[in-house]
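Asks: Structure file run04.cif (mmCIF, C-alpha atoms) is given on the next line.
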```cif
data_data
#
loop_
_atom_site.group_PDB
_atom_site.id
_atom_site.type_symbol
_atom_site.label_atom_id
_atom_site.label_comp_id
_atom_site.auth_asym_id
_atom_site.auth_seq_id
_atom_site.Cartn_x
_atom_site.Cartn_y
_atom_site.Cartn_z
ATOM 1 C CA MET A 162 45.413 -298.812 213.572
ATOM 2 C CA LYS A 163 48.419 -297.247 211.887
ATOM 3 C CA LYS A 164 49.290 -293.677 212.898
ATOM 4 C CA ILE A 165 50.974 -290.759 211.171
ATOM 5 C CA ALA A 166 52.042 -287.710 213.174
ATOM 6 C CA VAL A 167 51.690 -284.569 211.061
ATOM 7 C CA ILE A 168 53.649 -281.500 212.176
ATOM 8 C CA ASN A 169 52.238 -278.506 210.338
ATOM 9 C CA ASP A 170 50.045 -275.440 210.725
ATOM 10 C CA LEU A 171 46.231 -275.344 210.703
ATOM 11 C CA SER A 172 44.172 -272.911 208.615
ATOM 12 C CA GLY A 173 40.454 -272.274 208.957
ATOM 13 C CA PHE A 174 40.188 -271.476 205.236
ATOM 14 C CA GLY A 175 42.414 -272.501 202.355
ATOM 15 C CA LYS A 176 42.690 -276.276 202.056
ATOM 16 C CA CYS A 177 46.333 -276.698 202.958
ATOM 17 C CA SER A 178 48.649 -278.024 205.664
ATOM 18 C CA LEU A 179 46.714 -279.902 208.372
ATOM 19 C CA SER A 180 43.343 -279.035 206.805
ATOM 20 C CA ALA A 181 44.421 -281.079 203.786
ATOM 21 C CA ALA A 182 46.464 -283.788 205.505
ATOM 22 C CA LEU A 183 43.803 -284.835 208.038
ATOM 23 C CA PRO A 184 41.139 -285.999 205.559
ATOM 24 C CA ILE A 185 43.647 -287.489 203.112
ATOM 25 C CA ILE A 186 45.371 -289.599 205.765
ATOM 26 C CA SER A 187 42.063 -290.626 207.341
ATOM 27 C CA ALA A 188 40.755 -291.717 203.932
ATOM 28 C CA HIS A 189 43.711 -294.111 203.781
ATOM 29 C CA LYS A 190 42.401 -295.727 206.987
ATOM 30 C CA ILE A 191 45.284 -294.309 209.000
ATOM 31 C CA GLN A 192 44.913 -292.234 212.170
ATOM 32 C CA CYS A 193 46.226 -288.709 211.641
ATOM 33 C CA CYS A 194 47.779 -287.251 214.805
ATOM 34 C CA PRO A 195 48.220 -283.496 214.271
ATOM 35 C CA LEU A 196 50.848 -281.459 216.067
ATOM 36 C CA PRO A 197 49.902 -277.884 215.048
ATOM 37 C CA THR A 198 52.804 -275.480 214.677
ATOM 38 C CA GLY A 199 50.540 -272.461 214.188
ATOM 39 C CA ILE A 200 46.853 -271.582 213.914
ATOM 40 C CA PHE A 201 45.741 -269.357 211.024
ATOM 41 C CA SER A 202 42.370 -267.717 210.447
ATOM 42 C CA ASN A 203 42.984 -268.514 206.795
ATOM 43 C CA GLN A 204 46.129 -269.404 204.913
ATOM 44 C CA THR A 205 48.605 -266.714 203.880
ATOM 45 C CA GLY A 206 47.556 -266.660 200.220
ATOM 46 C CA TYR A 207 44.548 -264.475 201.058
ATOM 47 C CA GLU A 208 44.771 -260.689 201.245
ATOM 48 C CA SER A 209 45.003 -260.746 205.035
ATOM 49 C CA PHE A 210 45.081 -263.241 207.881
ATOM 50 C CA LYS A 211 45.528 -263.563 211.629
ATOM 51 C CA SER A 212 47.701 -266.230 213.199
ATOM 52 C CA VAL A 213 49.009 -267.586 216.482
ATOM 53 C CA SER A 214 52.345 -269.386 216.766
ATOM 54 C CA MET A 215 52.318 -272.654 218.702
ATOM 55 C CA THR A 216 56.087 -272.647 219.213
ATOM 56 C CA PRO A 217 55.868 -272.027 223.013
ATOM 57 C CA TYR A 218 53.646 -275.103 223.430
ATOM 58 C CA LEU A 219 55.235 -277.685 221.120
ATOM 59 C CA ARG A 220 57.602 -279.181 223.691
ATOM 60 C CA ASP A 221 54.779 -279.451 226.256
ATOM 61 C CA PHE A 222 52.549 -281.209 223.726
ATOM 62 C CA THR A 223 55.379 -283.578 222.845
ATOM 63 C CA ALA A 224 55.948 -284.354 226.533
ATOM 64 C CA GLU A 225 52.275 -285.282 226.927
ATOM 65 C CA TRP A 226 52.470 -287.581 223.906
ATOM 66 C CA LYS A 227 55.532 -289.219 225.445
ATOM 67 C CA LYS A 228 53.516 -289.908 228.618
ATOM 68 C CA LEU A 229 50.937 -291.697 226.483
ATOM 69 C CA GLY A 230 53.588 -294.091 225.228
ATOM 70 C CA VAL A 231 52.493 -293.621 221.612
ATOM 71 C CA SER A 232 54.390 -294.740 218.534
ATOM 72 C CA PHE A 233 54.029 -293.787 214.886
ATOM 73 C CA ASP A 234 54.199 -295.608 211.565
ATOM 74 C CA GLY A 235 54.900 -292.292 209.861
ATOM 75 C CA ILE A 236 55.918 -288.723 210.647
ATOM 76 C CA LEU A 237 55.203 -285.970 208.125
ATOM 77 C CA THR A 238 56.534 -282.424 208.429
ATOM 78 C CA GLY A 239 55.518 -279.388 206.375
ATOM 79 C CA PHE A 240 55.864 -275.613 206.692
ATOM 80 C CA ILE A 241 58.535 -274.590 209.226
ATOM 81 C CA PRO A 242 58.616 -270.811 209.764
ATOM 82 C CA ASP A 243 61.705 -270.548 211.960
ATOM 83 C CA SER A 244 64.796 -272.358 213.208
ATOM 84 C CA VAL A 245 63.384 -272.759 216.742
ATOM 85 C CA GLN A 246 60.542 -274.901 215.432
ATOM 86 C CA GLY A 247 63.104 -276.795 213.388
ATOM 87 C CA GLU A 248 65.036 -277.666 216.546
ATOM 88 C CA ILE A 249 61.867 -278.784 218.336
ATOM 89 C CA ILE A 250 60.814 -280.971 215.414
ATOM 90 C CA LEU A 251 64.252 -282.592 215.326
ATOM 91 C CA GLU A 252 63.802 -283.387 219.041
ATOM 92 C CA PHE A 253 60.376 -284.861 218.276
ATOM 93 C CA ILE A 254 61.887 -287.074 215.583
ATOM 94 C CA ASP A 255 64.644 -288.268 217.925
ATOM 95 C CA GLU A 256 61.969 -289.148 220.476
ATOM 96 C CA PHE A 257 59.393 -290.865 218.281
ATOM 97 C CA LYS A 258 61.069 -292.175 215.117
ATOM 98 C CA SER A 259 61.868 -295.867 215.254
ATOM 99 C CA GLU A 260 63.406 -298.060 212.572
ATOM 100 C CA ASN A 261 59.851 -298.847 211.442
ATOM 101 C CA THR A 262 58.736 -295.209 211.189
ATOM 102 C CA LEU A 263 58.678 -293.536 207.781
ATOM 103 C CA LEU A 264 59.902 -289.949 208.117
ATOM 104 C CA ALA A 265 58.549 -287.788 205.293
ATOM 105 C CA VAL A 266 59.635 -284.158 204.932
ATOM 106 C CA ASP A 267 58.052 -281.695 202.563
ATOM 107 C CA PRO A 268 60.942 -279.181 202.488
ATOM 108 C CA ILE A 269 58.849 -276.071 201.922
ATOM 109 C CA MET A 270 61.133 -273.112 201.157
ATOM 110 C CA GLY A 271 60.104 -271.580 197.836
ATOM 111 C CA ASP A 272 58.728 -272.065 194.336
ATOM 112 C CA ASP A 273 59.132 -270.766 190.779
ATOM 113 C CA GLY A 274 62.788 -269.970 191.398
ATOM 114 C CA GLU A 275 62.177 -267.766 194.437
ATOM 115 C CA ILE A 276 62.509 -268.273 198.197
ATOM 116 C CA TYR A 277 59.361 -267.490 200.186
ATOM 117 C CA PRO A 278 59.676 -264.050 201.871
ATOM 118 C CA CYS A 279 59.208 -265.467 205.387
ATOM 119 C CA TYR A 280 62.371 -267.580 205.093
ATOM 120 C CA ASP A 281 65.876 -266.510 206.047
ATOM 121 C CA GLY A 282 69.188 -268.347 206.219
ATOM 122 C CA GLU A 283 68.447 -269.890 209.624
ATOM 123 C CA SER A 284 65.000 -271.218 208.689
ATOM 124 C CA ILE A 285 66.340 -272.628 205.411
ATOM 125 C CA ALA A 286 69.117 -274.375 207.362
ATOM 126 C CA ALA A 287 66.454 -275.837 209.698
ATOM 127 C CA VAL A 288 64.491 -277.262 206.763
ATOM 128 C CA LYS A 289 67.652 -278.717 205.228
ATOM 129 C CA ALA A 290 68.568 -280.383 208.545
ATOM 130 C CA LEU A 291 65.170 -282.087 208.631
ATOM 131 C CA ALA A 292 65.409 -283.125 204.989
ATOM 132 C CA GLU A 293 68.769 -284.782 205.617
ATOM 133 C CA LYS A 294 67.169 -287.089 208.209
ATOM 134 C CA ALA A 295 64.135 -287.970 206.074
ATOM 135 C CA ASP A 296 63.359 -291.277 204.412
ATOM 136 C CA LEU A 297 61.120 -289.474 201.903
ATOM 137 C CA ILE A 298 61.360 -285.892 200.650
ATOM 138 C CA THR A 299 58.998 -284.119 198.234
ATOM 139 C CA PRO A 300 60.724 -280.907 197.062
ATOM 140 C CA ASN A 301 59.717 -278.884 194.044
ATOM 141 C CA VAL A 302 62.504 -277.882 191.635
ATOM 142 C CA THR A 303 63.310 -274.679 193.550
ATOM 143 C CA GLU A 304 63.562 -276.585 196.836
ATOM 144 C CA LEU A 305 65.689 -279.302 195.240
ATOM 145 C CA ALA A 306 68.145 -276.600 194.163
ATOM 146 C CA LEU A 307 68.299 -275.213 197.715
ATOM 147 C CA LEU A 308 68.800 -278.688 199.200
ATOM 148 C CA CYS A 309 71.684 -279.224 196.783
ATOM 149 C CA GLY A 310 73.363 -275.917 197.649
ATOM 150 C CA ASP A 311 72.448 -274.146 194.409
ATOM 151 C CA SER A 312 70.605 -270.865 193.977
ATOM 152 C CA ALA A 313 66.804 -270.951 194.139
ATOM 153 C CA GLY A 314 66.593 -269.911 190.489
ATOM 154 C CA ALA A 315 68.832 -272.669 189.162
ATOM 155 C CA SER A 316 67.614 -274.100 185.852
ATOM 156 C CA TYR A 317 67.572 -277.905 185.712
ATOM 157 C CA SER A 318 66.889 -280.298 182.856
ATOM 158 C CA VAL A 319 65.306 -283.655 183.646
ATOM 159 C CA LYS A 320 68.764 -285.195 183.423
ATOM 160 C CA ASP A 321 70.077 -282.585 185.873
ATOM 161 C CA ILE A 322 67.280 -283.475 188.294
ATOM 162 C CA GLU A 323 68.223 -287.143 188.099
ATOM 163 C CA THR A 324 71.864 -286.268 188.807
ATOM 164 C CA LYS A 325 70.897 -284.060 191.755
ATOM 165 C CA CYS A 326 68.668 -286.785 193.228
ATOM 166 C CA LYS A 327 71.617 -289.170 193.159
ATOM 167 C CA THR A 328 73.679 -286.767 195.282
ATOM 168 C CA LEU A 329 71.142 -286.805 198.124
ATOM 169 C CA GLY A 330 71.049 -289.595 200.678
ATOM 170 C CA ASN A 331 67.304 -290.080 201.119
ATOM 171 C CA LYS A 332 65.646 -293.437 200.498
ATOM 172 C CA TYR A 333 62.914 -291.876 198.365
ATOM 173 C CA ILE A 334 62.952 -288.545 196.517
ATOM 174 C CA VAL A 335 59.974 -287.106 194.651
ATOM 175 C CA VAL A 336 60.588 -283.835 192.792
ATOM 176 C CA THR A 337 57.308 -282.119 191.955
ATOM 177 C CA GLY A 338 56.172 -279.553 189.393
ATOM 178 C CA ILE A 339 58.661 -280.228 186.595
ATOM 179 C CA GLU A 340 57.752 -278.369 183.395
ATOM 180 C CA LEU A 341 57.620 -280.768 180.443
ATOM 181 C CA GLU A 342 56.756 -280.373 176.760
ATOM 182 C CA ASN A 343 53.236 -280.623 175.266
ATOM 183 C CA GLY A 344 51.479 -278.959 178.204
ATOM 184 C CA LEU A 345 52.501 -281.576 180.758
ATOM 185 C CA LEU A 346 53.912 -281.460 184.267
ATOM 186 C CA GLY A 347 56.093 -284.154 185.731
ATOM 187 C CA ASN A 348 56.931 -285.570 189.140
ATOM 188 C CA ALA A 349 60.339 -287.234 189.239
ATOM 189 C CA VAL A 350 60.596 -290.327 191.429
ATOM 190 C CA TYR A 351 63.893 -291.823 192.618
ATOM 191 C CA ASP A 352 64.304 -294.778 194.954
ATOM 192 C CA GLY A 353 68.086 -295.008 195.049
ATOM 193 C CA GLU A 354 68.217 -297.107 191.888
ATOM 194 C CA ARG A 355 65.345 -296.300 189.542
ATOM 195 C CA PHE A 356 64.481 -292.825 188.217
ATOM 196 C CA GLU A 357 61.126 -292.218 186.549
ATOM 197 C CA ILE A 358 58.948 -289.276 185.504
ATOM 198 C CA VAL A 359 55.233 -289.513 186.326
ATOM 199 C CA LYS A 360 53.358 -287.191 183.952
ATOM 200 C CA ALA A 361 50.173 -285.185 184.515
ATOM 201 C CA LYS A 362 48.223 -282.499 182.667
ATOM 202 C CA LYS A 363 49.112 -278.859 183.243
ATOM 203 C CA LEU A 364 45.736 -277.254 183.893
ATOM 204 C CA GLY A 365 46.842 -273.623 183.911
ATOM 205 C CA LEU A 366 46.002 -272.465 187.427
ATOM 206 C CA HIS A 367 47.978 -272.544 190.665
ATOM 207 C CA PHE A 368 45.998 -273.845 193.636
ATOM 208 C CA SER A 369 46.743 -273.560 197.315
ATOM 209 C CA GLY A 370 47.431 -276.806 199.150
ATOM 210 C CA THR A 371 48.115 -279.235 196.304
ATOM 211 C CA GLY A 372 51.616 -279.874 197.652
ATOM 212 C CA ASP A 373 50.219 -280.683 201.098
ATOM 213 C CA ILE A 374 47.653 -283.048 199.610
ATOM 214 C CA PHE A 375 50.369 -284.674 197.525
ATOM 215 C CA SER A 376 52.791 -285.239 200.415
ATOM 216 C CA ALA A 377 50.030 -286.571 202.693
ATOM 217 C CA PHE A 378 48.747 -288.894 199.957
ATOM 218 C CA VAL A 379 52.180 -290.295 199.079
ATOM 219 C CA THR A 380 53.161 -290.701 202.746
ATOM 220 C CA SER A 381 49.916 -292.551 203.492
ATOM 221 C CA GLU A 382 50.367 -294.867 200.522
ATOM 222 C CA CYS A 383 53.939 -295.679 201.558
ATOM 223 C CA VAL A 384 52.877 -296.351 205.161
ATOM 224 C CA ASN A 385 50.311 -298.741 203.682
ATOM 225 C CA ALA A 386 53.166 -300.532 201.867
ATOM 226 C CA THR A 387 52.495 -299.177 198.368
ATOM 227 C CA ASP A 388 55.691 -298.832 196.333
ATOM 228 C CA ILE A 389 56.835 -295.237 195.814
ATOM 229 C CA PHE A 390 56.241 -295.188 192.048
ATOM 230 C CA THR A 391 52.649 -296.381 192.367
ATOM 231 C CA ALA A 392 52.087 -294.003 195.289
ATOM 232 C CA VAL A 393 53.134 -291.003 193.192
ATOM 233 C CA GLN A 394 51.044 -292.141 190.226
ATOM 234 C CA LYS A 395 47.954 -292.435 192.448
ATOM 235 C CA ALA A 396 48.564 -289.078 194.137
ATOM 236 C CA SER A 397 49.110 -287.313 190.803
ATOM 237 C CA ALA A 398 45.926 -288.782 189.316
ATOM 238 C CA PHE A 399 43.919 -287.865 192.424
ATOM 239 C CA ILE A 400 45.029 -284.219 192.334
ATOM 240 C CA GLU A 401 44.548 -283.917 188.576
ATOM 241 C CA LYS A 402 40.985 -285.202 188.841
ATOM 242 C CA ALA A 403 40.234 -282.971 191.836
ATOM 243 C CA ILE A 404 41.442 -279.890 189.967
ATOM 244 C CA GLU A 405 39.189 -280.785 187.039
ATOM 245 C CA LEU A 406 36.223 -280.965 189.437
ATOM 246 C CA THR A 407 37.016 -277.703 191.218
ATOM 247 C CA ASP A 408 34.600 -274.858 190.591
ATOM 248 C CA CYS A 409 36.707 -271.709 190.312
ATOM 249 C CA ASP A 410 37.203 -268.535 188.334
ATOM 250 C CA LYS A 411 39.312 -269.591 185.359
ATOM 251 C CA SER A 412 40.490 -265.988 184.850
ATOM 252 C CA LEU A 413 42.501 -266.177 188.083
ATOM 253 C CA HIS A 414 46.154 -267.189 188.185
ATOM 254 C CA TYR A 415 46.041 -268.297 191.831
ATOM 255 C CA ASN A 416 43.210 -269.920 193.777
ATOM 256 C CA ALA A 417 43.667 -269.442 197.522
ATOM 257 C CA ASP A 418 40.660 -271.614 198.416
ATOM 258 C CA GLY A 419 42.319 -274.840 197.242
ATOM 259 C CA ILE A 420 40.884 -277.752 195.279
ATOM 260 C CA ASP A 421 37.615 -279.591 195.873
ATOM 261 C CA PHE A 422 39.252 -282.915 196.731
ATOM 262 C CA GLU A 423 36.424 -283.819 199.123
ATOM 263 C CA GLN A 424 34.416 -285.039 196.141
ATOM 264 C CA LEU A 425 36.962 -287.819 195.583
ATOM 265 C CA ILE A 426 37.758 -288.880 199.156
ATOM 266 C CA CYS A 427 35.579 -291.981 198.885
ATOM 267 C CA PHE A 428 37.702 -293.191 195.954
ATOM 268 C CA VAL A 429 41.044 -293.136 197.807
#
```
Would you mind writing the file out in structure tokens?
Replies:
Amino acid sequence: MKKIAVINDLSGFGKCSLSAALPIISAHKIQCCPLPTGIFSNQTGYESFKSVSMTPYLRDFTAEWKKLGVSFDGILTGFIPDSVQGEIILEFIDEFKSENTLLAVDPIMGDDGEIYPCYDGESIAAVKALAEKADLITPNVTELALLCGDSAGASYSVKDIETKCKTLGNKYIVVTGIELENGLLGNAVYDGERFEIVKAKKLGLHFSGTGDIFSAFVTSECVNATDIFTAVQKASAFIEKAIELTDCDKSLHYNADGIDFEQLICFV
């Protein structure tokens, strides 16, 4: 069976990070091998939370995996809170990435033109170092700007996004959450030659974990030999449908609980 190692945190509530990646990858008939970077009572979008960092244990866990002689068809990284974890993850990649391993990095650093408060210069540099090694990256527009050395609030047209993608050296680049006309959102897909916008409805509410679901879905599809454009189309349609099925308070701007994607798992 194919295997994807997922290096991310685990939340008891709020369908994000490993809580989202595990079922999505499993639904693709791929074994998900989680390496938890932190344990959260619930994700940070709630009013309060408790957490435990796994940084002191990551190298020991990696050493045990090395003893097992395991190999991976994919490696997916997500939220990286500090530069120390960044260094450890780079070591993990050096140890376990082969020429047949797809390295996917979701370069989580900010959104809506702002850097997340928990990030500083060192942690941003750690994310950028991982992104440079990746075969596939899935930044939003804010994160694309940071990867390209621009300010987080840089304003890009679709043409600008295409130009920026061409300056990066990754095999596949998917830029998420692009605001389009007529109430649509777009995901830009670039494979080194072809640039295309995959459109989806803008449904007016921000949900926790959709980026984690998206990156896990696209990574799984690519590991299963789906082309990147089809993978993004399928992931976008899956999330759009799941949002439509989610029972939530429409008066809210942000839903910390996440989307009810479980209803659609059997259709992956």
Asks: Near region 306-320 of chain A, within 8 Å and counting all atoms listed in the file, which residues show up once chain neighbours fewer than 6 positions away are dropped, as a PDB file with C-alpha atoms, keeping the file's coordinate frame?
Replies:
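Ended up saving to out_29.pdb:
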```
ATOM      1  CA  GLY A 271      60.104-271.580 197.836  1.00  0.00           C
ATOM      2  CA  ASP A 273      59.132-270.766 190.779  1.00  0.00           C
ATOM      3  CA  GLY A 274      62.788-269.970 191.398  1.00  0.00           C
ATOM      4  CA  GLU A 275      62.177-267.766 194.437  1.00  0.00           C
ATOM      5  CA  ILE A 276      62.509-268.273 198.197  1.00  0.00           C
ATOM      6  CA  LYS A 289      67.652-278.717 205.228  1.00  0.00           C
ATOM      7  CA  THR A 328      73.679-286.767 195.282  1.00  0.00           C
ATOM      8  CA  LEU A 329      71.142-286.805 198.124  1.00  0.00           C
TER       9      LEU A 329
END
```
Asks: Please build the interface table for region 186-224 of chain A against region 234-237 of chain A with a cut-off of 10 Å, listing for each qualifying residue the nearest atom pair and the distance in Å to one decimal; count only C-alpha atoms, order rows by chain and increasing number, and write it as JSON lines.
Replies:
```
{"residue": "A:Ile191", "atom": "CA", "partner": "A:Asp234", "partner_atom": "CA", "distance": 9.4}
{"residue": "A:Gln192", "atom": "CA", "partner": "A:Asp234", "partner_atom": "CA", "distance": 9.9}
{"residue": "A:Cys193", "atom": "CA", "partner": "A:Gly235", "partner_atom": "CA", "distance": 9.6}
{"residue": "A:Cys194", "atom": "CA", "partner": "A:Ile236", "partner_atom": "CA", "distance": 9.3}
{"residue": "A:Pro195", "atom": "CA", "partner": "A:Leu237", "partner_atom": "CA", "distance": 9.6}
```
Asks: Just want the 10 Å neighbourhood of Leu264 (chain A), counted on all atoms listed in the file, with same-chain residues fewer than 2 positions away dropped. Output as a PyMOL selection string.
Replies: chain A and resi 165-166+233-238+254+258-262+266+291-292+294-298+380+384
Asks: Write out as a tab-separated table the residues of region 239-336 of chain A that have any atom within 10 Å of an atom of region 199-204 of chain A, one row each with the nearest atom pair and its distance in Å to one decimal, counting all atoms listed in the file, sorted by chain and then rising number.
Replies:
```
residue	atom	partner	partner_atom	distance
A:Phe240	CA	A:Gly199	CA	9.7
A:Ile241	CA	A:Gly199	CA	9.6
A:Pro242	CA	A:Gly199	CA	9.4
```
Asks: I'd like the neighbourhood of Arg355 (chain A) as a count of residues only, where a residue qualifies if any of its atoms comes within 10 Å (using all atoms listed in the file), though same-chain residues fewer than 5 positions away should be ignored.
Replies: 3
Asks: May I ask for the distance between CA of Lys332 (chain A) and CA of Phe368 (chain A), given in Å to one decimal place?
Replies: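 Between these atoms lies a distance of 28.6 Å.
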Asks: Tell me, as a count of residues only, which residues lie within 8 Å of Ile339 (chain A), counting all atoms listed in the file; anything in the same chain fewer than 6 positions away does not count.
Replies: 6
Asks: For region 164-173 of chain A, which lacks atoms in the input, supply all heavy atoms and format the output as a PDB file, in the coordinates of the input.
Replies:
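Saved as rebuild_3.pdb:
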```pdb
ATOM      1  N   LYS A 164      49.344-295.095 212.524  1.00  0.00           N
ATOM      2  CA  LYS A 164      49.290-293.677 212.898  1.00  0.00           C
ATOM      3  C   LYS A 164      50.379-292.899 212.174  1.00  0.00           C
ATOM      4  O   LYS A 164      51.512-293.377 212.057  1.00  0.00           O
ATOM      5  CB  LYS A 164      49.471-293.507 214.409  1.00  0.00           C
ATOM      6  CG  LYS A 164      48.404-294.153 215.273  1.00  0.00           C
ATOM      7  CD  LYS A 164      48.723-293.931 216.747  1.00  0.00           C
ATOM      8  CE  LYS A 164      47.666-294.562 217.654  1.00  0.00           C
ATOM      9  NZ  LYS A 164      47.678-296.047 217.535  1.00  0.00           N
ATOM     10  N   ILE A 165      50.006-291.705 211.720  1.00  0.00           N
ATOM     11  CA  ILE A 165      50.974-290.759 211.171  1.00  0.00           C
ATOM     12  C   ILE A 165      50.873-289.460 211.962  1.00  0.00           C
ATOM     13  O   ILE A 165      49.795-288.873 212.071  1.00  0.00           O
ATOM     14  CB  ILE A 165      50.724-290.473 209.671  1.00  0.00           C
ATOM     15  CG1 ILE A 165      50.915-291.750 208.839  1.00  0.00           C
ATOM     16  CG2 ILE A 165      51.660-289.366 209.175  1.00  0.00           C
ATOM     17  CD1 ILE A 165      50.605-291.560 207.357  1.00  0.00           C
ATOM     18  N   ALA A 166      51.984-289.015 212.524  1.00  0.00           N
ATOM     19  CA  ALA A 166      52.042-287.710 213.174  1.00  0.00           C
ATOM     20  C   ALA A 166      52.331-286.667 212.102  1.00  0.00           C
ATOM     21  O   ALA A 166      53.290-286.810 211.329  1.00  0.00           O
ATOM     22  CB  ALA A 166      53.136-287.690 214.233  1.00  0.00           C
ATOM     23  N   VAL A 167      51.501-285.629 212.053  1.00  0.00           N
ATOM     24  CA  VAL A 167      51.690-284.569 211.061  1.00  0.00           C
ATOM     25  C   VAL A 167      52.002-283.265 211.791  1.00  0.00           C
ATOM     26  O   VAL A 167      51.196-282.780 212.587  1.00  0.00           O
ATOM     27  CB  VAL A 167      50.449-284.394 210.173  1.00  0.00           C
ATOM     28  CG1 VAL A 167      50.714-283.326 209.110  1.00  0.00           C
ATOM     29  CG2 VAL A 167      50.080-285.715 209.500  1.00  0.00           C
ATOM     30  N   ILE A 168      53.179-282.722 211.522  1.00  0.00           N
ATOM     31  CA  ILE A 168      53.649-281.500 212.176  1.00  0.00           C
ATOM     32  C   ILE A 168      53.541-280.378 211.161  1.00  0.00           C
ATOM     33  O   ILE A 168      54.348-280.273 210.230  1.00  0.00           O
ATOM     34  CB  ILE A 168      55.096-281.671 212.680  1.00  0.00           C
ATOM     35  CG1 ILE A 168      55.216-282.949 213.528  1.00  0.00           C
ATOM     36  CG2 ILE A 168      55.530-280.452 213.475  1.00  0.00           C
ATOM     37  CD1 ILE A 168      56.635-283.302 213.913  1.00  0.00           C
ATOM     38  N   ASN A 169      52.518-279.540 211.328  1.00  0.00           N
ATOM     39  CA  ASN A 169      52.238-278.506 210.338  1.00  0.00           C
ATOM     40  C   ASN A 169      51.264-277.498 210.946  1.00  0.00           C
ATOM     41  O   ASN A 169      50.739-277.712 212.041  1.00  0.00           O
ATOM     42  CB  ASN A 169      51.650-279.134 209.066  1.00  0.00           C
ATOM     43  CG  ASN A 169      52.035-278.386 207.803  1.00  0.00           C
ATOM     44  OD1 ASN A 169      52.320-277.191 207.844  1.00  0.00           O
ATOM     45  ND2 ASN A 169      52.033-279.078 206.664  1.00  0.00           N
ATOM     46  N   ASP A 170      50.982-276.436 210.218  1.00  0.00           N
ATOM     47  CA  ASP A 170      50.045-275.440 210.725  1.00  0.00           C
ATOM     48  C   ASP A 170      48.608-275.795 210.342  1.00  0.00           C
ATOM     49  O   ASP A 170      48.371-276.682 209.516  1.00  0.00           O
ATOM     50  CB  ASP A 170      50.406-274.044 210.217  1.00  0.00           C
ATOM     51  CG  ASP A 170      50.434-273.967 208.702  1.00  0.00           C
ATOM     52  OD1 ASP A 170      49.361-273.820 208.094  1.00  0.00           O
ATOM     53  OD2 ASP A 170      51.532-274.060 208.126  1.00  0.00           O
ATOM     54  N   LEU A 171      47.652-275.091 210.939  1.00  0.00           N
ATOM     55  CA  LEU A 171      46.231-275.344 210.703  1.00  0.00           C
ATOM     56  C   LEU A 171      45.548-274.047 210.291  1.00  0.00           C
ATOM     57  O   LEU A 171      45.646-273.039 210.994  1.00  0.00           O
ATOM     58  CB  LEU A 171      45.578-275.886 211.980  1.00  0.00           C
ATOM     59  CG  LEU A 171      44.064-276.121 211.925  1.00  0.00           C
ATOM     60  CD1 LEU A 171      43.718-277.212 210.928  1.00  0.00           C
ATOM     61  CD2 LEU A 171      43.539-276.480 213.311  1.00  0.00           C
ATOM     62  N   SER A 172      44.879-274.086 209.129  1.00  0.00           N
ATOM     63  CA  SER A 172      44.172-272.911 208.615  1.00  0.00           C
ATOM     64  C   SER A 172      42.672-273.164 208.590  1.00  0.00           C
ATOM     65  O   SER A 172      42.223-274.239 208.172  1.00  0.00           O
ATOM     66  CB  SER A 172      44.644-272.575 207.198  1.00  0.00           C
ATOM     67  OG  SER A 172      45.998-272.194 207.183  1.00  0.00           O
ATOM     68  N   GLY A 173      41.902-272.159 209.010  1.00  0.00           N
ATOM     69  CA  GLY A 173      40.454-272.274 208.957  1.00  0.00           C
ATOM     70  C   GLY A 173      39.938-272.293 207.535  1.00  0.00           C
ATOM     71  O   GLY A 173      38.979-273.006 207.226  1.00  0.00           O
TER      72      GLY A 173
END
```
